[in-house]
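S.K.: To be precise about what I am sending: the file is called query28.cif and holds mmCIF, N, CA and C atoms.
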```
data_my_file
#
loop_
_atom_site.label_atom_id
_atom_site.label_comp_id
_atom_site.auth_asym_id
_atom_site.auth_seq_id
_atom_site.Cartn_x
_atom_site.Cartn_y
_atom_site.Cartn_z
N MET A 272 0.84 -1.19 0.00
CA MET A 272 0.00 0.00 0.00
C MET A 272 0.88 1.25 0.00
N VAL A 273 0.53 2.22 -0.81
CA VAL A 273 1.29 3.46 -0.91
C VAL A 273 0.84 4.41 0.20
N GLU A 274 1.81 4.97 0.91
CA GLU A 274 1.49 5.91 1.99
C GLU A 274 1.03 7.24 1.40
N GLN A 275 0.28 8.02 2.19
CA GLN A 275 -0.29 9.28 1.72
C GLN A 275 0.78 10.24 1.22
N GLY A 276 1.87 10.42 1.99
CA GLY A 276 2.94 11.32 1.56
C GLY A 276 3.58 10.87 0.27
N SER A 277 3.74 9.56 0.13
CA SER A 277 4.30 9.01 -1.10
C SER A 277 3.37 9.25 -2.29
N THR A 278 2.08 9.07 -2.05
CA THR A 278 1.10 9.31 -3.12
C THR A 278 1.14 10.76 -3.56
N GLU A 279 1.24 11.67 -2.63
CA GLU A 279 1.29 13.09 -2.98
C GLU A 279 2.50 13.40 -3.85
N GLU A 280 3.65 12.80 -3.54
CA GLU A 280 4.85 13.02 -4.35
C GLU A 280 4.70 12.40 -5.73
N LEU A 281 4.13 11.21 -5.79
CA LEU A 281 3.90 10.58 -7.09
C LEU A 281 2.99 11.46 -7.95
N VAL A 282 1.91 11.94 -7.38
CA VAL A 282 0.97 12.78 -8.13
C VAL A 282 1.62 14.09 -8.53
N ARG A 283 2.39 14.67 -7.65
CA ARG A 283 3.08 15.93 -7.99
C ARG A 283 3.97 15.73 -9.22
N ARG A 284 4.73 14.65 -9.20
CA ARG A 284 5.64 14.36 -10.32
C ARG A 284 4.87 13.99 -11.60
N LEU A 285 3.80 13.23 -11.43
CA LEU A 285 2.99 12.88 -12.59
C LEU A 285 2.34 14.12 -13.20
N ASN A 286 1.87 15.03 -12.37
CA ASN A 286 1.28 16.26 -12.90
C ASN A 286 2.32 17.12 -13.61
N ALA A 287 3.55 17.13 -13.11
CA ALA A 287 4.62 17.86 -13.79
C ALA A 287 4.88 17.23 -15.16
N ALA A 288 4.89 15.89 -15.22
CA ALA A 288 5.10 15.20 -16.49
C ALA A 288 3.94 15.48 -17.45
N LEU A 289 2.72 15.47 -16.92
CA LEU A 289 1.54 15.75 -17.75
C LEU A 289 1.62 17.16 -18.31
N ALA A 290 1.97 18.13 -17.49
CA ALA A 290 2.08 19.52 -17.95
C ALA A 290 3.15 19.63 -19.04
N TRP A 291 4.25 18.89 -18.89
CA TRP A 291 5.31 18.91 -19.90
C TRP A 291 4.85 18.26 -21.20
N GLU A 292 4.08 17.18 -21.11
CA GLU A 292 3.54 16.54 -22.31
C GLU A 292 2.58 17.48 -23.03
N MET A 293 1.77 18.22 -22.29
CA MET A 293 0.86 19.18 -22.92
C MET A 293 1.65 20.28 -23.62
N ARG A 294 2.75 20.72 -23.02
CA ARG A 294 3.61 21.70 -23.66
C ARG A 294 4.21 21.12 -24.94
N ALA A 295 4.70 19.88 -24.86
CA ALA A 295 5.30 19.22 -26.03
C ALA A 295 4.29 19.11 -27.17
N GLU A 296 3.07 18.73 -26.85
CA GLU A 296 2.03 18.62 -27.87
C GLU A 296 1.85 19.96 -28.59
N THR A 297 1.77 21.04 -27.81
CA THR A 297 1.61 22.37 -28.38
C THR A 297 2.81 22.74 -29.25
N MET A 298 4.02 22.49 -28.74
CA MET A 298 5.24 22.82 -29.48
C MET A 298 5.30 22.07 -30.80
N TYR A 299 5.06 20.76 -30.77
CA TYR A 299 5.15 19.97 -31.99
C TYR A 299 4.08 20.37 -33.00
N GLY A 300 2.88 20.66 -32.53
CA GLY A 300 1.84 21.14 -33.44
C GLY A 300 2.22 22.46 -34.08
N HIS A 301 2.82 23.33 -33.29
CA HIS A 301 3.28 24.63 -33.79
C HIS A 301 4.36 24.44 -34.85
N TYR A 302 5.33 23.59 -34.55
CA TYR A 302 6.41 23.37 -35.50
C TYR A 302 5.92 22.69 -36.78
N ALA A 303 4.98 21.78 -36.67
CA ALA A 303 4.41 21.15 -37.87
C ALA A 303 3.77 22.20 -38.77
N ALA A 304 3.15 23.19 -38.18
CA ALA A 304 2.49 24.23 -38.96
C ALA A 304 3.50 25.20 -39.59
N TYR A 305 4.62 25.44 -38.94
CA TYR A 305 5.55 26.49 -39.37
C TYR A 305 6.79 25.99 -40.09
N VAL A 306 7.06 24.70 -40.13
CA VAL A 306 8.25 24.23 -40.84
C VAL A 306 8.10 24.54 -42.33
N LYS A 307 9.18 25.03 -42.95
CA LYS A 307 9.11 25.53 -44.34
C LYS A 307 10.13 24.84 -45.23
N GLY A 308 10.00 25.09 -46.50
CA GLY A 308 10.98 24.63 -47.47
C GLY A 308 10.94 23.14 -47.69
N ILE A 309 12.02 22.63 -48.27
CA ILE A 309 12.11 21.22 -48.63
C ILE A 309 12.01 20.32 -47.40
N HIS A 310 12.41 20.82 -46.25
CA HIS A 310 12.36 20.02 -45.02
C HIS A 310 10.94 19.77 -44.53
N ARG A 311 10.00 20.57 -45.02
CA ARG A 311 8.60 20.39 -44.63
C ARG A 311 8.09 19.00 -45.01
N LEU A 312 8.56 18.49 -46.14
CA LEU A 312 8.09 17.18 -46.61
C LEU A 312 8.28 16.08 -45.57
N HIS A 313 9.38 16.15 -44.84
CA HIS A 313 9.67 15.10 -43.86
C HIS A 313 9.39 15.53 -42.42
N LEU A 314 9.61 16.79 -42.15
CA LEU A 314 9.50 17.22 -40.75
C LEU A 314 8.06 17.50 -40.32
N LYS A 315 7.21 17.94 -41.23
CA LYS A 315 5.81 18.16 -40.85
C LYS A 315 5.19 16.87 -40.31
N PRO A 316 5.28 15.73 -41.05
CA PRO A 316 4.72 14.49 -40.49
C PRO A 316 5.45 14.03 -39.23
N TYR A 317 6.74 14.30 -39.16
CA TYR A 317 7.50 13.93 -37.96
C TYR A 317 6.97 14.68 -36.75
N PHE A 318 6.83 16.00 -36.88
CA PHE A 318 6.33 16.81 -35.76
C PHE A 318 4.89 16.43 -35.41
N GLU A 319 4.07 16.15 -36.42
CA GLU A 319 2.70 15.73 -36.14
C GLU A 319 2.68 14.40 -35.38
N GLY A 320 3.57 13.49 -35.73
CA GLY A 320 3.66 12.22 -35.02
C GLY A 320 4.10 12.41 -33.58
N GLU A 321 5.05 13.31 -33.37
CA GLU A 321 5.50 13.59 -32.00
C GLU A 321 4.40 14.26 -31.18
N ALA A 322 3.62 15.13 -31.82
CA ALA A 322 2.48 15.75 -31.12
C ALA A 322 1.48 14.68 -30.69
N ALA A 323 1.19 13.75 -31.61
CA ALA A 323 0.26 12.66 -31.29
C ALA A 323 0.81 11.78 -30.16
N GLU A 324 2.11 11.52 -30.19
CA GLU A 324 2.73 10.73 -29.13
C GLU A 324 2.61 11.44 -27.79
N SER A 325 2.76 12.76 -27.79
CA SER A 325 2.62 13.53 -26.55
C SER A 325 1.20 13.43 -26.00
N VAL A 326 0.21 13.39 -26.88
CA VAL A 326 -1.18 13.22 -26.44
C VAL A 326 -1.34 11.87 -25.76
N VAL A 327 -0.80 10.83 -26.38
CA VAL A 327 -0.90 9.48 -25.82
C VAL A 327 -0.20 9.42 -24.47
N HIS A 328 1.00 9.98 -24.40
CA HIS A 328 1.73 10.00 -23.13
C HIS A 328 0.94 10.75 -22.07
N GLY A 329 0.42 11.91 -22.44
CA GLY A 329 -0.37 12.69 -21.49
C GLY A 329 -1.59 11.93 -21.00
N ASN A 330 -2.27 11.24 -21.90
CA ASN A 330 -3.44 10.45 -21.50
C ASN A 330 -3.05 9.33 -20.55
N THR A 331 -1.92 8.69 -20.82
CA THR A 331 -1.45 7.61 -19.94
C THR A 331 -1.14 8.14 -18.55
N VAL A 332 -0.43 9.26 -18.50
CA VAL A 332 -0.09 9.86 -17.21
C VAL A 332 -1.35 10.29 -16.47
N ARG A 333 -2.27 10.91 -17.18
CA ARG A 333 -3.54 11.36 -16.58
C ARG A 333 -4.29 10.18 -15.97
N GLU A 334 -4.36 9.08 -16.70
CA GLU A 334 -5.05 7.89 -16.19
C GLU A 334 -4.41 7.38 -14.91
N GLN A 335 -3.09 7.46 -14.83
CA GLN A 335 -2.40 7.00 -13.62
C GLN A 335 -2.72 7.91 -12.43
N ILE A 336 -2.84 9.20 -12.68
CA ILE A 336 -3.21 10.14 -11.62
C ILE A 336 -4.61 9.82 -11.10
N VAL A 337 -5.52 9.55 -12.01
CA VAL A 337 -6.88 9.19 -11.62
C VAL A 337 -6.88 7.91 -10.80
N LYS A 338 -6.09 6.92 -11.22
CA LYS A 338 -6.01 5.65 -10.48
C LYS A 338 -5.49 5.86 -9.06
N LEU A 339 -4.65 6.88 -8.90
CA LEU A 339 -4.14 7.20 -7.56
C LEU A 339 -5.16 8.00 -6.74
N GLY A 340 -6.30 8.32 -7.35
CA GLY A 340 -7.37 9.02 -6.64
C GLY A 340 -7.17 10.51 -6.53
N ASP A 341 -6.43 11.09 -7.46
CA ASP A 341 -6.15 12.52 -7.36
C ASP A 341 -6.63 13.23 -8.62
N VAL A 342 -6.30 14.51 -8.72
CA VAL A 342 -6.77 15.37 -9.81
C VAL A 342 -5.60 15.71 -10.73
N ALA A 343 -5.80 15.47 -12.02
CA ALA A 343 -4.77 15.77 -13.01
C ALA A 343 -4.83 17.25 -13.39
N THR A 344 -3.66 17.81 -13.63
CA THR A 344 -3.59 19.21 -14.04
C THR A 344 -4.23 19.40 -15.41
N THR A 345 -4.70 20.59 -15.67
CA THR A 345 -5.22 20.95 -16.99
C THR A 345 -4.38 22.06 -17.60
N ASN A 346 -3.27 22.38 -16.97
CA ASN A 346 -2.40 23.46 -17.44
C ASN A 346 -1.09 22.91 -17.98
N ARG A 347 -0.68 23.42 -19.13
CA ARG A 347 0.60 23.01 -19.68
C ARG A 347 1.73 23.71 -18.94
N ASP A 348 2.91 23.13 -19.01
CA ASP A 348 4.09 23.74 -18.41
C ASP A 348 4.31 25.11 -19.05
N PRO A 349 4.64 26.13 -18.25
CA PRO A 349 4.77 27.47 -18.79
C PRO A 349 6.08 27.77 -19.52
N ALA A 350 6.97 26.79 -19.63
CA ALA A 350 8.24 27.04 -20.33
C ALA A 350 7.96 27.54 -21.74
N GLU A 351 8.73 28.52 -22.14
CA GLU A 351 8.55 29.15 -23.46
C GLU A 351 8.67 28.13 -24.58
N ILE A 352 7.84 28.30 -25.58
CA ILE A 352 7.96 27.57 -26.83
C ILE A 352 8.52 28.56 -27.84
N VAL A 353 9.70 28.26 -28.35
CA VAL A 353 10.37 29.17 -29.27
C VAL A 353 9.67 29.13 -30.62
N HIS A 354 9.22 30.30 -31.08
CA HIS A 354 8.62 30.38 -32.42
C HIS A 354 9.75 30.59 -33.42
N THR A 355 9.76 29.76 -34.45
CA THR A 355 10.77 29.86 -35.49
C THR A 355 10.27 29.16 -36.73
N THR A 356 10.85 29.51 -37.86
CA THR A 356 10.64 28.75 -39.09
C THR A 356 11.93 28.05 -39.50
N ASP A 357 12.95 28.14 -38.68
CA ASP A 357 14.24 27.50 -38.92
C ASP A 357 14.19 26.06 -38.41
N TYR A 358 14.25 25.11 -39.32
CA TYR A 358 14.10 23.71 -38.94
C TYR A 358 15.17 23.25 -37.96
N LYS A 359 16.38 23.81 -38.05
CA LYS A 359 17.44 23.41 -37.12
C LYS A 359 17.10 23.84 -35.70
N VAL A 360 16.55 25.02 -35.55
CA VAL A 360 16.13 25.49 -34.22
C VAL A 360 14.99 24.60 -33.72
N MET A 361 14.06 24.26 -34.58
CA MET A 361 12.95 23.37 -34.20
C MET A 361 13.48 22.04 -33.69
N LEU A 362 14.46 21.48 -34.40
CA LEU A 362 15.02 20.19 -34.00
C LEU A 362 15.77 20.30 -32.68
N ARG A 363 16.52 21.39 -32.49
CA ARG A 363 17.23 21.57 -31.21
C ARG A 363 16.25 21.73 -30.06
N GLU A 364 15.21 22.51 -30.27
CA GLU A 364 14.20 22.70 -29.23
C GLU A 364 13.48 21.37 -28.93
N SER A 365 13.23 20.60 -29.96
CA SER A 365 12.60 19.30 -29.78
C SER A 365 13.50 18.37 -28.98
N TYR A 366 14.78 18.37 -29.31
CA TYR A 366 15.76 17.55 -28.61
C TYR A 366 15.78 17.90 -27.12
N GLU A 367 15.84 19.18 -26.81
CA GLU A 367 15.86 19.62 -25.41
C GLU A 367 14.57 19.26 -24.69
N THR A 368 13.46 19.36 -25.39
CA THR A 368 12.15 18.99 -24.81
C THR A 368 12.13 17.51 -24.47
N GLU A 369 12.59 16.68 -25.38
CA GLU A 369 12.59 15.24 -25.15
C GLU A 369 13.58 14.86 -24.04
N LYS A 370 14.72 15.52 -24.00
CA LYS A 370 15.68 15.23 -22.93
C LYS A 370 15.08 15.54 -21.56
N ARG A 371 14.39 16.67 -21.45
CA ARG A 371 13.78 17.03 -20.17
C ARG A 371 12.68 16.03 -19.79
N ALA A 372 11.90 15.63 -20.76
CA ALA A 372 10.84 14.64 -20.49
C ALA A 372 11.45 13.33 -20.03
N ALA A 373 12.47 12.87 -20.74
CA ALA A 373 13.10 11.59 -20.39
C ALA A 373 13.70 11.65 -18.99
N GLN A 374 14.33 12.76 -18.66
CA GLN A 374 14.93 12.90 -17.33
C GLN A 374 13.86 12.85 -16.24
N GLY A 375 12.74 13.52 -16.48
CA GLY A 375 11.65 13.50 -15.50
C GLY A 375 11.10 12.10 -15.28
N TYR A 376 10.92 11.35 -16.36
CA TYR A 376 10.42 9.99 -16.23
C TYR A 376 11.45 9.09 -15.55
N LYS A 377 12.73 9.27 -15.88
CA LYS A 377 13.78 8.48 -15.25
C LYS A 377 13.79 8.71 -13.74
N GLU A 378 13.70 9.97 -13.33
CA GLU A 378 13.67 10.30 -11.90
C GLU A 378 12.42 9.73 -11.23
N PHE A 379 11.30 9.76 -11.94
CA PHE A 379 10.06 9.22 -11.40
C PHE A 379 10.22 7.73 -11.10
N LEU A 380 10.83 7.01 -12.03
CA LEU A 380 10.99 5.56 -11.88
C LEU A 380 11.91 5.18 -10.73
N GLU A 381 12.68 6.12 -10.22
CA GLU A 381 13.56 5.87 -9.09
C GLU A 381 12.88 6.07 -7.74
N LEU A 382 11.65 6.60 -7.77
CA LEU A 382 10.92 6.83 -6.53
C LEU A 382 10.51 5.51 -5.88
N PRO A 383 10.43 5.50 -4.55
CA PRO A 383 9.92 4.30 -3.87
C PRO A 383 8.39 4.24 -3.96
N ASP A 384 7.85 3.10 -3.62
CA ASP A 384 6.40 2.92 -3.48
C ASP A 384 5.62 3.05 -4.78
N ILE A 385 6.23 2.67 -5.89
CA ILE A 385 5.51 2.68 -7.16
C ILE A 385 5.03 1.25 -7.43
N ASP A 386 3.72 1.10 -7.60
CA ASP A 386 3.22 -0.25 -7.89
C ASP A 386 3.61 -0.65 -9.31
N SER A 387 3.54 -1.93 -9.59
CA SER A 387 4.06 -2.45 -10.86
C SER A 387 3.31 -1.91 -12.08
N GLU A 388 2.01 -1.72 -11.97
CA GLU A 388 1.24 -1.20 -13.11
C GLU A 388 1.67 0.23 -13.45
N LEU A 389 1.81 1.06 -12.43
CA LEU A 389 2.25 2.44 -12.63
C LEU A 389 3.67 2.46 -13.18
N TYR A 390 4.54 1.64 -12.60
CA TYR A 390 5.93 1.58 -13.04
C TYR A 390 6.00 1.18 -14.52
N ASP A 391 5.26 0.16 -14.90
CA ASP A 391 5.28 -0.31 -16.29
C ASP A 391 4.78 0.76 -17.26
N ALA A 392 3.73 1.46 -16.89
CA ALA A 392 3.18 2.51 -17.76
C ALA A 392 4.20 3.62 -17.98
N ILE A 393 4.84 4.05 -16.91
CA ILE A 393 5.81 5.15 -17.02
C ILE A 393 7.09 4.66 -17.68
N GLU A 394 7.48 3.44 -17.43
CA GLU A 394 8.68 2.90 -18.07
C GLU A 394 8.51 2.85 -19.59
N GLN A 395 7.32 2.49 -20.05
CA GLN A 395 7.06 2.46 -21.49
C GLN A 395 7.20 3.86 -22.09
N ILE A 396 6.66 4.86 -21.42
CA ILE A 396 6.80 6.23 -21.89
C ILE A 396 8.28 6.61 -21.91
N SER A 397 8.99 6.25 -20.86
CA SER A 397 10.41 6.57 -20.77
C SER A 397 11.18 5.99 -21.95
N PHE A 398 10.89 4.75 -22.31
CA PHE A 398 11.54 4.13 -23.47
C PHE A 398 11.25 4.92 -24.74
N GLU A 399 10.02 5.36 -24.90
CA GLU A 399 9.65 6.12 -26.10
C GLU A 399 10.33 7.48 -26.13
N GLU A 400 10.51 8.09 -24.97
CA GLU A 400 11.23 9.37 -24.92
C GLU A 400 12.69 9.16 -25.32
N GLU A 401 13.28 8.09 -24.85
CA GLU A 401 14.68 7.79 -25.22
C GLU A 401 14.80 7.55 -26.73
N ARG A 402 13.82 6.88 -27.31
CA ARG A 402 13.81 6.67 -28.76
C ARG A 402 13.75 8.00 -29.49
N SER A 403 12.94 8.91 -29.00
CA SER A 403 12.83 10.24 -29.62
C SER A 403 14.14 11.00 -29.52
N ILE A 404 14.80 10.89 -28.39
CA ILE A 404 16.11 11.56 -28.23
C ILE A 404 17.09 11.02 -29.26
N GLU A 405 17.13 9.71 -29.42
CA GLU A 405 18.05 9.10 -30.39
C GLU A 405 17.73 9.57 -31.81
N GLU A 406 16.45 9.57 -32.16
CA GLU A 406 16.04 10.02 -33.49
C GLU A 406 16.43 11.47 -33.72
N LEU A 407 16.17 12.33 -32.76
CA LEU A 407 16.51 13.74 -32.90
C LEU A 407 18.02 13.95 -32.96
N SER A 408 18.75 13.17 -32.21
CA SER A 408 20.21 13.24 -32.25
C SER A 408 20.72 12.97 -33.66
N GLN A 409 20.13 11.97 -34.31
CA GLN A 409 20.52 11.66 -35.69
C GLN A 409 20.09 12.74 -36.67
N LEU A 410 18.93 13.33 -36.45
CA LEU A 410 18.48 14.42 -37.31
C LEU A 410 19.35 15.67 -37.18
N LEU A 411 19.91 15.86 -36.01
CA LEU A 411 20.75 17.04 -35.76
C LEU A 411 22.17 16.89 -36.28
N ASP A 412 22.60 15.67 -36.61
CA ASP A 412 23.96 15.47 -37.13
C ASP A 412 24.14 16.07 -38.50
#
```
Represent the structure from my file as structure tokens, please.
M.R.:
Amino acid sequence: MVEQGSTEELVRRLNAALAWEMRAETMYGHYAAYVKGIHRLHLKPYFEGEAAESVVHGNTVREQIVKLGDVATTNRDPAEIVHTTDYKVMLRESYETEKRAAQGYKEFLELPDIDSELYDAIEQISFEEERSIEELSQLLD
């Protein structure tokens, strides 16, 4: 059984992750709309896919908050989303966004008192964030 203080910390961290996923969804949707030139052919669908993945991640995190009996945030993280039409800036911003998400999930998985279902759900997201980091790393080369 998870203790009350532990549950509060889990929910706090999950809400932070949810807010970051909502920010990522907004950022990727923005970049999909603004990417220009020849790179639009490949990057528009890439950014749209990442936005969709952020929605799925956010929904998964939200469901875990509900299972813990708490309230999920409805506010995205306030970190600035850089507006640009420069695809290199978009990719760098995406890379930094994914790195921060992956770090948050990694730290979450190190917390005590996580039941196996919650751990598995967050671990799957963490793996997907790491995949995104690798993909972006290759795109930035």
S.K.: Fewer than 4 positions away in the same chain doesn't count, so skip those; otherwise give me all residues within 7 Å of A:Ile393, counting only C-alpha atoms, as a PyMOL selection string.
M.R.: chain A and resi 376+389+397
S.K.: Write a file of the just-selected residues containing N, CA and C atoms, as a PDB file, in the coordinates of the input.
M.R.:
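Saved result, part22.pdb, follows:
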```pdb
ATOM      1  N   TYR A 376      10.920  11.350 -16.360  1.00  0.00           N
ATOM      2  CA  TYR A 376      10.420   9.990 -16.230  1.00  0.00           C
ATOM      3  C   TYR A 376      11.450   9.090 -15.550  1.00  0.00           C
ATOM      4  N   LEU A 389       1.810   1.060 -12.430  1.00  0.00           N
ATOM      5  CA  LEU A 389       2.250   2.440 -12.630  1.00  0.00           C
ATOM      6  C   LEU A 389       3.670   2.460 -13.180  1.00  0.00           C
ATOM      7  N   SER A 397       8.990   6.250 -20.860  1.00  0.00           N
ATOM      8  CA  SER A 397      10.410   6.570 -20.770  1.00  0.00           C
ATOM      9  C   SER A 397      11.180   5.990 -21.950  1.00  0.00           C
TER      10      SER A 397
END
```
S.K.: Residues near stretch 355-366 of chain A, anyone? I mean within 5 Å using all atoms listed in the file, not counting same-chain ones fewer than 3 positions away, as a list in words.
M.R.: Tyr305, Glu369 and Lys370 of chain A
S.K.: Please compute the atom CA of A:Gln335-atom N of A:Ile404 distance, one decimal, in Å.
M.R.: 23.0 Å
S.K.: Could you give me the residues within chain A that DSSP places in alpha helix (DSSP H), as a PyMOL selection string?
M.R.: chain A and resi 275-305+311-338+358-380+387-411
S.K.: Rank A:Ala290, A:Val306, A:Ala372, A:Ala322 by their smallest atom-to-atom distance to A:Pro349, using only C-alpha atoms, and report the top residue only.
M.R.: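 Nearest candidate to A:Pro349 out of A:Ala290, A:Val306, A:Ala372, A:Ala322: A:Ala290.
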S.K.: Counting only C-alpha atoms, which of A:Asp412, A:Glu324, A:Leu407, A:Leu339 gets nearest to A:Ile385?
M.R.: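 Of A:Asp412, A:Glu324, A:Leu407, A:Leu339, the one nearest A:Ile385, counting only C-alpha atoms, is A:Leu339.
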S.K.: In Å, how far is it from atom CA of A:Thr345 to atom N of A:Ala288?
M.R.: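 According to the coordinates, atom CA of A:Thr345 and atom N of A:Ala288 are separated by 11.4 Å.
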S.K.: Pick from A:Leu285, A:Val353, A:Val342, A:Ile336: nearest to A:Met298, with all atoms listed in the file counted?
M.R.: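 The shortest atom-to-atom distance to A:Met298 comes from A:Val353.
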S.K.: Check the smallest atom-to-atom distance from each of A:Leu380, A:Ile309, A:Leu411, A:Ala373 to A:Phe398 using only C-alpha atoms, then report the winner.
M.R.: A:Ala373
S.K.: If we count only C-alpha atoms, what is near A:Lys338 at a cut-off of 12 Å, once residues fewer than 6 positions away on the same chain are taken out, given as a list in words?
M.R.: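 Final neighbour list, sorted by chain and number: Thr278, Leu281, Val282, Leu285, Thr331, Val332, Asp386, Glu388 and Leu389 of chain A.
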S.K.: Could you jot down the atom CA of A:Glu280 to atom N of A:Glu405 separation for me, Å, one decimal place?
M.R.: 28.1 Å
